[in-house]
$ cat entry_34.csv   # CSV, C-alpha atoms and all ligand atoms
chain,number,residue,atom,x,y,z
A,1,MET,CA,130.2,109.8,105.1
A,2,ALA,CA,126.6,108.9,104.3
A,3,GLN,CA,125.5,107.7,100.9
A,4,ILE,CA,123.3,110.5,99.5
A,5,ILE,CA,120.2,108.8,97.8
A,6,ASP,CA,119.7,110.7,94.6
A,7,GLY,CA,116.0,110.8,93.9
A,8,LYS,CA,116.4,113.1,90.9
A,9,LYS,CA,118.7,110.5,89.2
A,10,ILE,CA,116.6,107.5,90.1
A,11,SER,CA,113.4,109.2,89.1
A,12,SER,CA,115.0,110.1,85.7
A,13,GLN,CA,116.0,106.5,85.2
A,14,ILE,CA,112.5,105.3,85.9
A,15,LYS,CA,111.1,108.0,83.5
A,16,GLU,CA,113.5,106.9,80.7
A,17,GLU,CA,112.5,103.2,81.2
A,18,LEU,CA,108.8,104.2,81.0
A,19,LYS,CA,109.4,106.4,77.9
A,20,GLU,CA,110.8,103.3,76.1
A,21,LYS,CA,107.9,101.2,77.3
A,22,VAL,CA,105.3,103.7,76.1
A,23,SER,CA,107.0,104.0,72.7
A,24,VAL,CA,106.7,100.2,72.3
A,25,MET,CA,103.0,100.4,73.4
A,26,LYS,CA,102.3,103.1,70.9
A,27,GLN,CA,103.7,101.0,68.1
A,28,GLU,CA,101.3,98.3,69.3
A,29,GLY,CA,98.5,100.9,68.9
A,30,LYS,CA,98.0,101.5,72.7
A,31,THR,CA,97.7,105.0,73.8
A,32,ILE,CA,97.8,106.2,77.5
A,33,CYS,CA,95.8,109.1,78.8
A,34,LEU,CA,95.6,110.7,82.2
A,35,ALA,CA,92.7,113.1,83.2
A,36,VAL,CA,93.8,115.7,85.7
A,37,ILE,CA,91.2,117.6,87.6
A,38,GLN,CA,91.9,120.7,89.7
A,39,VAL,CA,89.2,122.5,91.6
A,40,GLY,CA,90.1,126.1,92.5
A,41,ASP,CA,93.5,127.7,91.8
A,42,ASP,CA,95.6,127.0,94.9
A,43,PRO,CA,99.1,128.0,93.7
A,44,ALA,CA,100.9,125.0,95.1
A,45,SER,CA,98.3,122.6,93.5
A,46,SER,CA,98.8,124.4,90.2
A,47,VAL,CA,102.6,123.7,90.4
A,48,TYR,CA,102.0,120.0,91.2
A,49,VAL,CA,99.4,119.6,88.4
A,50,GLY,CA,101.7,121.4,85.9
A,51,ASN,CA,104.6,119.1,86.8
A,52,LYS,CA,102.4,116.0,86.4
A,53,LYS,CA,101.2,117.2,82.9
A,54,LYS,CA,104.8,117.9,82.0
A,55,ALA,CA,106.0,114.4,83.0
A,56,CYS,CA,103.1,112.9,80.9
A,57,ALA,CA,104.2,114.9,77.9
A,58,TYR,CA,107.9,113.9,78.3
A,59,ILE,CA,107.0,110.2,78.6
A,60,GLY,CA,104.5,110.2,75.7
A,61,ILE,CA,101.3,110.0,77.8
A,62,GLU,CA,98.4,112.2,76.8
A,63,SER,CA,96.8,114.3,79.4
A,64,LEU,CA,93.4,115.9,79.7
A,65,SER,CA,93.2,119.0,81.9
A,66,TYR,CA,90.0,120.1,83.8
A,67,GLU,CA,90.5,123.3,85.7
A,68,LEU,CA,87.2,123.9,87.5
A,69,PRO,CA,86.3,127.0,89.5
A,70,ALA,CA,86.6,126.9,93.3
A,71,ASP,CA,82.8,127.1,93.7
A,72,THR,CA,82.2,124.0,91.6
A,73,THR,CA,79.5,121.8,93.3
A,74,GLN,CA,80.2,118.3,94.4
A,75,GLU,CA,77.5,117.0,92.1
A,76,LYS,CA,79.2,118.6,89.1
A,77,LEU,CA,82.6,117.2,90.1
A,78,LEU,CA,81.1,113.7,90.6
A,79,ALA,CA,79.4,113.9,87.3
A,80,LEU,CA,82.7,114.7,85.5
A,81,ILE,CA,84.4,111.7,87.3
A,82,ALA,CA,81.5,109.4,86.2
A,83,GLU,CA,81.9,110.6,82.6
A,84,LEU,CA,85.7,109.9,82.7
A,85,ASN,CA,85.1,106.5,84.4
A,86,GLY,CA,83.1,105.6,81.4
A,87,ARG,CA,85.6,106.7,78.7
A,88,ASP,CA,87.7,103.9,77.2
A,89,ASP,CA,90.3,106.4,76.1
A,90,VAL,CA,91.1,107.5,79.7
A,91,ASN,CA,93.3,105.2,81.7
A,92,GLY,CA,93.9,107.3,84.8
A,93,ILE,CA,91.9,109.9,86.8
A,94,LEU,CA,93.5,112.2,89.3
A,95,VAL,CA,91.7,114.8,91.4
A,96,GLN,CA,94.4,117.1,92.9
A,97,LEU,CA,93.9,117.3,96.7
A,98,PRO,CA,93.0,119.2,98.7
A,99,VAL,CA,89.6,120.0,97.2
A,100,PRO,CA,87.6,123.1,98.6
A,101,ALA,CA,86.0,122.6,102.0
A,102,HIS,CA,82.4,122.3,100.6
A,103,ILE,CA,83.4,119.1,98.7
A,104,ASP,CA,83.7,115.8,100.6
A,105,GLU,CA,87.1,114.5,99.7
A,106,ASN,CA,86.3,110.9,100.6
A,107,ALA,CA,83.2,110.9,98.3
A,108,VAL,CA,85.4,112.1,95.5
A,109,ILE,CA,88.0,109.4,96.1
A,110,ARG,CA,85.3,106.7,96.3
A,111,ALA,CA,83.8,108.0,93.0
A,112,ILE,CA,86.9,107.2,90.9
A,113,ASP,CA,86.9,103.8,89.2
A,114,PRO,CA,89.5,101.8,91.3
A,115,GLY,CA,91.0,100.6,88.0
A,116,LYS,CA,91.7,104.3,87.0
A,117,ASP,CA,92.7,105.4,90.5
A,118,VAL,CA,96.4,106.0,89.7
A,119,ASP,CA,96.9,107.9,93.0
A,120,GLY,CA,96.1,104.6,94.9
A,121,PHE,CA,93.7,106.4,97.3
A,122,HIS,CA,90.5,104.4,96.7
A,123,PRO,CA,89.5,102.2,99.6
A,124,GLN,CA,89.6,99.2,97.3
A,125,ASN,CA,93.2,99.8,96.3
A,126,VAL,CA,94.2,100.5,99.9
A,127,GLY,CA,92.5,97.3,101.0
A,128,ALA,CA,94.3,95.4,98.2
A,129,LEU,CA,97.6,96.7,99.5
A,130,CYS,CA,96.7,95.7,103.0
A,131,ILE,CA,96.0,92.0,102.1
A,132,GLY,CA,98.8,91.7,99.5
A,133,GLN,CA,96.6,91.8,96.4
A,134,ARG,CA,97.2,93.7,93.1
A,135,GLY,CA,96.2,97.3,93.0
A,136,PHE,CA,97.4,100.8,92.6
A,137,VAL,CA,99.7,102.0,95.4
A,138,SER,CA,100.0,105.5,96.7
A,139,CYS,CA,102.9,107.1,94.8
A,140,THR,CA,105.1,108.7,97.5
A,141,PRO,CA,105.6,105.5,99.6
A,142,ALA,CA,105.9,103.4,96.4
A,143,GLY,CA,108.7,105.8,95.3
A,144,ILE,CA,110.5,105.3,98.6
A,145,ILE,CA,110.5,101.5,98.1
A,146,GLN,CA,112.1,102.2,94.7
A,147,LEU,CA,114.7,104.5,96.2
A,148,LEU,CA,115.7,101.9,98.7
A,149,LYS,CA,115.8,99.0,96.2
A,150,ARG,CA,117.6,100.9,93.5
A,151,SER,CA,120.2,102.1,96.1
A,152,GLY,CA,120.9,98.5,97.1
A,153,ILE,CA,119.4,98.8,100.6
A,154,GLU,CA,117.9,95.6,101.9
A,155,ILE,CA,114.5,95.9,103.7
A,156,ALA,CA,113.8,92.2,104.7
A,157,GLY,CA,114.4,91.7,108.4
A,158,LYS,CA,115.2,95.3,109.1
A,159,GLU,CA,113.7,97.4,111.9
A,160,CYS,CA,111.7,100.0,110.0
A,161,VAL,CA,110.1,103.0,111.9
A,162,VAL,CA,107.6,105.3,110.1
A,163,ILE,CA,106.9,108.6,111.8
A,164,GLY,CA,103.5,109.7,110.7
A,165,ARG,CA,100.2,107.8,110.0
A,166,SER,CA,98.6,109.8,107.1
A,167,ASN,CA,96.5,107.9,104.6
A,168,ILE,CA,98.7,109.1,101.7
A,169,VAL,CA,102.1,108.4,103.2
A,170,GLY,CA,102.5,106.8,106.7
A,171,LYS,CA,99.9,104.0,106.5
A,172,PRO,CA,100.7,102.8,102.9
A,173,MET,CA,104.4,103.1,103.7
A,174,ALA,CA,104.1,100.8,106.7
A,175,LEU,CA,102.2,98.3,104.6
A,176,LEU,CA,104.7,98.4,101.8
A,177,LEU,CA,107.7,97.9,104.2
A,178,LEU,CA,105.8,95.0,105.7
A,179,ARG,CA,105.2,93.5,102.2
A,180,GLU,CA,109.0,93.7,101.8
A,181,ASN,CA,109.4,91.7,105.0
A,182,GLY,CA,110.6,94.6,107.2
A,183,THR,CA,109.7,94.7,110.9
A,184,VAL,CA,107.5,97.8,111.0
A,185,THR,CA,106.6,100.3,113.7
A,186,VAL,CA,104.3,103.2,113.0
A,187,THR,CA,104.7,106.2,115.3
A,188,HIS,CA,102.6,109.4,115.6
A,189,SER,CA,101.9,112.5,117.6
A,190,LYS,CA,100.7,110.4,120.7
A,191,THR,CA,103.7,108.1,120.7
A,192,LYS,CA,105.4,108.1,124.1
A,193,ASP,CA,109.2,108.7,124.0
A,194,LEU,CA,109.4,108.9,120.3
A,195,ARG,CA,113.2,109.1,120.3
A,196,GLU,CA,113.4,105.8,122.1
A,197,VAL,CA,111.4,104.2,119.3
A,198,THR,CA,113.1,105.9,116.3
A,199,ARG,CA,116.5,105.1,117.7
A,200,ARG,CA,115.7,101.4,117.1
A,201,ALA,CA,115.3,102.0,113.3
A,202,ASP,CA,117.6,100.5,110.7
A,203,ILE,CA,115.4,102.4,108.2
A,204,LEU,CA,113.7,105.6,109.5
A,205,ILE,CA,111.0,107.2,107.4
A,206,ALA,CA,110.2,110.8,108.5
A,207,ALA,CA,106.7,112.0,107.4
A,208,VAL,CA,106.0,114.3,110.4
A,209,GLY,CA,105.3,117.6,108.7
A,210,LYS,CA,107.6,119.6,111.0
A,211,PRO,CA,110.6,121.3,109.4
A,212,GLY,CA,113.9,120.0,110.8
A,213,MET,CA,112.4,118.1,113.7
A,214,ILE,CA,114.4,115.0,113.3
A,215,THR,CA,117.9,115.6,114.7
A,216,ARG,CA,120.6,113.1,115.4
A,217,GLU,CA,119.1,112.3,118.8
A,218,TYR,CA,116.3,110.4,116.9
A,219,VAL,CA,118.7,108.4,114.8
A,220,LYS,CA,120.7,105.2,115.4
A,221,GLU,CA,124.3,105.4,114.1
A,222,GLY,CA,124.4,103.8,110.6
A,223,ALA,CA,120.6,104.0,110.0
A,224,VAL,CA,119.1,104.8,106.6
A,225,VAL,CA,117.1,108.0,106.8
A,226,ILE,CA,114.3,108.9,104.3
A,227,ASP,CA,112.9,112.4,104.5
A,228,VAL,CA,109.3,112.9,103.2
A,229,GLY,CA,108.9,116.5,104.4
A,230,ILE,CA,109.0,119.5,102.2
A,231,HIS,CA,108.9,123.0,103.7
A,232,ARG,CA,110.4,126.4,103.3
A,233,ASN,CA,112.5,127.6,106.2
A,234,GLU,CA,112.9,131.2,107.5
A,235,ASN,CA,115.4,131.9,104.6
A,236,ASN,CA,112.8,130.7,102.0
A,237,LYS,CA,115.0,127.6,101.3
A,238,LEU,CA,113.4,124.2,100.8
A,239,CYS,CA,114.0,121.8,103.8
A,240,GLY,CA,112.6,118.6,105.0
A,241,ASP,CA,111.5,117.0,108.3
A,242,VAL,CA,115.1,116.0,109.0
A,243,ASP,CA,117.8,118.3,110.1
A,244,TYR,CA,120.1,117.2,107.2
A,245,ASP,CA,123.4,118.7,108.4
A,246,ASP,CA,123.0,117.3,111.9
A,247,VAL,CA,121.8,113.8,110.8
A,248,ALA,CA,123.9,113.1,107.7
A,249,PRO,CA,127.2,112.5,109.6
A,250,VAL,CA,125.7,109.7,111.8
A,251,CYS,CA,123.6,107.8,109.2
A,252,SER,CA,124.7,105.4,106.4
A,253,ALA,CA,122.4,106.8,103.8
A,254,ILE,CA,120.0,109.8,103.6
A,255,THR,CA,117.7,111.5,101.1
A,256,PRO,CA,118.2,115.2,100.5
A,257,VAL,CA,115.4,117.8,100.3
A,258,PRO,CA,115.0,118.8,97.5
A,259,GLY,CA,116.1,116.0,95.2
A,260,GLY,CA,115.2,113.0,97.4
A,261,VAL,CA,111.7,111.6,97.8
A,262,GLY,CA,110.0,114.5,95.9
A,263,PRO,CA,110.9,113.6,92.3
A,264,MET,CA,109.9,110.0,92.9
A,265,THR,CA,106.2,110.8,93.5
A,266,ILE,CA,105.6,111.8,89.9
A,267,ALA,CA,107.8,109.0,88.5
A,268,MET,CA,105.6,106.5,90.4
A,269,LEU,CA,102.4,108.2,89.1
A,270,MET,CA,103.7,107.6,85.6
A,271,LEU,CA,104.6,104.0,86.4
A,272,ASN,CA,101.0,103.5,87.7
A,273,LEU,CA,99.6,104.9,84.5
A,274,VAL,CA,101.7,102.8,82.2
A,275,GLU,CA,100.8,99.7,84.3
A,276,SER,CA,97.1,100.5,84.1
A,277,ALA,CA,97.2,100.9,80.4
A,278,ALA,CA,99.2,97.7,79.9
A,279,LEU,CA,96.6,95.8,82.0
A,280,VAL,CA,93.5,97.1,80.4
A,281,ARG,CA,94.1,96.6,76.7
B,1,LIG,N1,98.0,116.5,96.9
B,1,LIG,C1,99.2,116.3,97.5
B,1,LIG,N2,99.7,115.2,97.1
B,1,LIG,C2,98.9,114.6,96.2
B,1,LIG,C3,98.9,113.4,95.4
B,1,LIG,O1,99.8,112.6,95.5
B,1,LIG,N3,97.8,113.2,94.7
B,1,LIG,C4,96.7,114.1,94.6
B,1,LIG,N4,95.7,113.8,93.8
B,1,LIG,N5,96.7,115.2,95.3
B,1,LIG,C5,97.8,115.5,96.1
$ encode --input "entry_34.csv" --output "structure tokens"
Amino acid sequence: MAQIIDGKKISSQIKEELKEKVSVMKQEGKTICLAVIQVGDDPASSVYVGNKKKACAYIGIESLSYELPADTTQEKLLALIAELNGRDDVNGILVQLPVPAHIDENAVIRAIDPGKDVDGFHPQNVGALCIGQRGFVSCTPAGIIQLLKRSGIEIAGKECVVIGRSNIVGKPMALLLLRENGTVTVTHSKTKDLREVTRRADILIAAVGKPGMITREYVKEGAVVIDVGIHRNENNKLCGDVDYDDVAPVCSAITPVPGGVGPMTIAMLMLNLVESAALVR
């Protein structure tokens, strides 16, 4: 039977470790503060933002909340970011995505001081990851590396296949697996004979965005399967990109949805914040 990789448990361990670190930092007079900006009131974004603020409070990190109306101009948003860039008491700045269509997302990402870009989305941080230099790393793929390492799964020398090439997950995932000495293939919607490629994987990362698409025909026996998807099925139940019941019997380890990759994203955001504060002061 496959090992179930428990993201809830591993993320809790990381948060406990960070809580202790933050308490020591506080004794040394260092405070940590995240500024969270949400433009508009998309319900899913509000849930994510609420969870991020809750995690900050639990660990002992301060958070500043900016809830801006949906018709906020780009100039106004950029002016707020500039103000936060200049504040010594703010370590991290996060603009919840997506932003409304009249705002240029790339301009927003570029406006954030790379040293405060705890999401790891700024081109400078992406570039640093690409050439193996220090910088913030996108939280979901960083969390997947933690899941693998803390579950005793070796990456070096393994065939790693990533399905999906988004800027937030697929591309940084591929770069991180490469940094860990995996042999990496990135697949996408134009890949020919996808199953042929995914069946080579010792470690398969599914970030496709299609509920239940990855069935056992895509998976080599004994592979490790990481499911990045999060959807609601026809019964309103949470499910991933992987057909869990079909795939679990043939793989050696698998992440469930919910309780796999999801909880790791916020844990890694907290880790990025603590690291940024430790570096700056
Ligand atoms: N929207 C969906 N995921 C994320 C994330 O990780 N960070 C931000 N800022 N927005 C998101």
$ closest_residue --input "entry_34.csv" --among "A:Ala35, A:Val224, A:Val95, A:Cys56" --to "ligand LIG 1 (chain B)" --atoms "all atoms listed in the file"
A:Val95
$ atom_distance --input "entry_34.csv" --atom1 "atom CA of Ala278 of chain A" --atom2 "atom CA of Ile32 of chain A"
8.9 Å
$ residues_around --input "entry_34.csv" --residues "Glu16 of chain A" --least-positions-apart "5" --cutoff "9 Å" --atoms "all atoms listed in the file" --output "number ranges by chain"
A: 11, 21, 59
$ residues_near_ligand --input "entry_34.csv" --ligand "ligand LIG 1 (chain B)" --cutoff "10 Å" --atoms "only C-alpha atoms and all ligand atoms" --output "ChimeraX atom specification"
/A:36-38,44-45,48-49,52,93-99,109,117-121,138-140,168-169,265-266,268-269
$ atom_distance --input "entry_34.csv" --atom1 "atom CA of Cys160 of chain A" --atom2 "atom CA of Lys8 of chain A"
23.6 Å
$ closest_residue --input "entry_34.csv" --among "A:Gln124, A:Ser166, A:Gln27, A:Asn236" --to "Val208 of chain A" --atoms "only C-alpha atoms"
A:Ser166
$ residues_around --input "entry_34.csv" --residues "Thr255 of chain A" --least-positions-apart "5" --cutoff "9 Å" --atoms "all atoms listed in the file" --output "short mmCIF file (atom, residue, chain, number, x, y, z; two decimals) with C-alpha atoms, in the frame of the given file"
data_model
loop_
_atom_site.label_atom_id
_atom_site.label_comp_id
_atom_site.auth_asym_id
_atom_site.auth_seq_id
_atom_site.Cartn_x
_atom_site.Cartn_y
_atom_site.Cartn_z
CA GLN A 3 125.50 107.70 100.90
CA ILE A 4 123.30 110.50 99.50
CA ILE A 5 120.20 108.80 97.80
CA ASP A 6 119.70 110.70 94.60
CA GLY A 7 116.00 110.80 93.90
CA VAL A 224 119.10 104.80 106.60
CA VAL A 225 117.10 108.00 106.80
CA ILE A 226 114.30 108.90 104.30
CA ASP A 227 112.90 112.40 104.50
CA VAL A 228 109.30 112.90 103.20
CA TYR A 244 120.10 117.20 107.20
CA GLY A 260 115.20 113.00 97.40
CA VAL A 261 111.70 111.60 97.80
#
$ decode --input "entry_34.csv" --residues "segment 215-228 of chain A" --atoms "all heavy atoms" --output "mmCIF file, in the first residue's frame"
data_model
loop_
_atom_site.group_PDB
_atom_site.id
_atom_site.type_symbol
_atom_site.label_atom_id
_atom_site.label_comp_id
_atom_site.auth_asym_id
_atom_site.auth_seq_id
_atom_site.Cartn_x
_atom_site.Cartn_y
_atom_site.Cartn_z
ATOM 1 N N THR A 215 -4.814 9.255 -14.159
ATOM 2 C CA THR A 215 -5.217 7.906 -13.742
ATOM 3 C C THR A 215 -3.978 7.006 -13.767
ATOM 4 O O THR A 215 -2.892 7.454 -14.147
ATOM 5 C CB THR A 215 -6.273 7.352 -14.716
ATOM 6 O OG1 THR A 215 -5.734 7.446 -16.037
ATOM 7 C CG2 THR A 215 -7.565 8.164 -14.647
ATOM 8 N N ARG A 216 -4.144 5.723 -13.400
ATOM 9 C CA ARG A 216 -2.975 4.845 -13.293
ATOM 10 C C ARG A 216 -2.257 4.625 -14.626
ATOM 11 O O ARG A 216 -1.091 4.250 -14.639
ATOM 12 C CB ARG A 216 -3.348 3.521 -12.648
ATOM 13 C CG ARG A 216 -4.316 2.692 -13.459
ATOM 14 C CD ARG A 216 -4.472 1.325 -12.854
ATOM 15 N NE ARG A 216 -5.075 1.376 -11.513
ATOM 16 C CZ ARG A 216 -5.156 0.342 -10.700
ATOM 17 N NH1 ARG A 216 -4.635 -0.822 -11.053
ATOM 18 N NH2 ARG A 216 -5.754 0.444 -9.534
ATOM 19 N N GLU A 217 -2.927 4.895 -15.746
ATOM 20 C CA GLU A 217 -2.259 4.743 -17.053
ATOM 21 C C GLU A 217 -1.101 5.734 -17.214
ATOM 22 O O GLU A 217 -0.232 5.544 -18.055
ATOM 23 C CB GLU A 217 -3.229 4.981 -18.224
ATOM 24 C CG GLU A 217 -4.286 3.924 -18.441
ATOM 25 C CD GLU A 217 -5.433 4.042 -17.472
ATOM 26 O OE1 GLU A 217 -5.956 5.164 -17.336
ATOM 27 O OE2 GLU A 217 -5.783 3.023 -16.839
ATOM 28 N N TYR A 218 -1.098 6.799 -16.420
ATOM 29 C CA TYR A 218 -0.048 7.815 -16.502
ATOM 30 C C TYR A 218 1.116 7.523 -15.541
ATOM 31 O O TYR A 218 2.082 8.268 -15.493
ATOM 32 C CB TYR A 218 -0.603 9.198 -16.139
ATOM 33 C CG TYR A 218 -1.561 9.782 -17.154
ATOM 34 C CD1 TYR A 218 -2.884 9.392 -17.192
ATOM 35 C CD2 TYR A 218 -1.124 10.729 -18.078
ATOM 36 C CE1 TYR A 218 -3.775 9.932 -18.110
ATOM 37 C CE2 TYR A 218 -2.004 11.272 -19.000
ATOM 38 C CZ TYR A 218 -3.322 10.874 -19.011
ATOM 39 O OH TYR A 218 -4.188 11.411 -19.922
ATOM 40 N N VAL A 219 0.975 6.470 -14.727
ATOM 41 C CA VAL A 219 1.884 6.307 -13.589
ATOM 42 C C VAL A 219 2.637 4.987 -13.667
ATOM 43 O O VAL A 219 2.027 3.929 -13.877
ATOM 44 C CB VAL A 219 1.071 6.370 -12.263
ATOM 45 C CG1 VAL A 219 1.983 6.199 -11.054
ATOM 46 C CG2 VAL A 219 0.298 7.688 -12.167
ATOM 47 N N LYS A 220 3.968 5.064 -13.482
ATOM 48 C CA LYS A 220 4.785 3.845 -13.411
ATOM 49 C C LYS A 220 4.565 3.174 -12.056
ATOM 50 O O LYS A 220 4.445 3.870 -11.033
ATOM 51 C CB LYS A 220 6.255 4.246 -13.570
ATOM 52 C CG LYS A 220 7.226 3.084 -13.465
ATOM 53 C CD LYS A 220 8.627 3.488 -13.873
ATOM 54 C CE LYS A 220 9.354 4.265 -12.791
ATOM 55 N NZ LYS A 220 10.751 4.549 -13.140
ATOM 56 N N GLU A 221 4.568 1.893 -12.025
ATOM 57 C CA GLU A 221 4.399 1.190 -10.753
ATOM 58 C C GLU A 221 5.536 1.589 -9.798
ATOM 59 O O GLU A 221 6.699 1.619 -10.178
ATOM 60 C CB GLU A 221 4.408 -0.324 -10.985
ATOM 61 C CG GLU A 221 4.081 -1.054 -9.708
ATOM 62 C CD GLU A 221 3.415 -2.411 -9.944
ATOM 63 O OE1 GLU A 221 3.157 -2.767 -11.105
ATOM 64 O OE2 GLU A 221 3.169 -3.078 -8.931
ATOM 65 N N GLY A 222 5.176 1.948 -8.578
ATOM 66 C CA GLY A 222 6.177 2.300 -7.566
ATOM 67 C C GLY A 222 6.588 3.773 -7.586
ATOM 68 O O GLY A 222 7.443 4.190 -6.806
ATOM 69 N N ALA A 223 5.986 4.587 -8.468
ATOM 70 C CA ALA A 223 6.353 6.013 -8.536
ATOM 71 C C ALA A 223 5.840 6.767 -7.298
ATOM 72 O O ALA A 223 4.949 6.291 -6.590
ATOM 73 C CB ALA A 223 5.758 6.633 -9.791
ATOM 74 N N VAL A 224 6.438 7.943 -7.073
ATOM 75 C CA VAL A 224 5.942 8.875 -6.055
ATOM 76 C C VAL A 224 5.067 9.897 -6.792
ATOM 77 O O VAL A 224 5.514 10.477 -7.793
ATOM 78 C CB VAL A 224 7.119 9.588 -5.348
ATOM 79 C CG1 VAL A 224 6.627 10.674 -4.410
ATOM 80 C CG2 VAL A 224 7.996 8.575 -4.615
ATOM 81 N N VAL A 225 3.848 10.117 -6.318
ATOM 82 C CA VAL A 225 2.913 10.993 -7.042
ATOM 83 C C VAL A 225 2.503 12.169 -6.158
ATOM 84 O O VAL A 225 2.000 11.984 -5.044
ATOM 85 C CB VAL A 225 1.657 10.207 -7.498
ATOM 86 C CG1 VAL A 225 0.670 11.129 -8.209
ATOM 87 C CG2 VAL A 225 2.052 9.047 -8.406
ATOM 88 N N ILE A 226 2.784 13.374 -6.650
ATOM 89 C CA ILE A 226 2.472 14.606 -5.907
ATOM 90 C C ILE A 226 1.376 15.354 -6.669
ATOM 91 O O ILE A 226 1.545 15.685 -7.842
ATOM 92 C CB ILE A 226 3.727 15.515 -5.788
ATOM 93 C CG1 ILE A 226 4.909 14.761 -5.153
ATOM 94 C CG2 ILE A 226 3.396 16.801 -5.038
ATOM 95 C CD1 ILE A 226 4.760 14.396 -3.713
ATOM 96 N N ASP A 227 0.294 15.631 -5.973
ATOM 97 C CA ASP A 227 -0.897 16.222 -6.603
ATOM 98 C C ASP A 227 -1.038 17.685 -6.173
ATOM 99 O O ASP A 227 -1.302 17.987 -5.012
ATOM 100 C CB ASP A 227 -2.117 15.409 -6.149
ATOM 101 C CG ASP A 227 -3.381 15.767 -6.912
ATOM 102 O OD1 ASP A 227 -3.369 16.762 -7.653
ATOM 103 O OD2 ASP A 227 -4.374 15.032 -6.757
ATOM 104 N N VAL A 228 -0.862 18.601 -7.128
ATOM 105 C CA VAL A 228 -0.930 20.030 -6.816
ATOM 106 C C VAL A 228 -2.346 20.589 -7.012
ATOM 107 O O VAL A 228 -2.681 21.660 -6.532
ATOM 108 C CB VAL A 228 0.079 20.826 -7.689
ATOM 109 C CG1 VAL A 228 0.131 22.297 -7.295
ATOM 110 C CG2 VAL A 228 1.482 20.230 -7.580
#
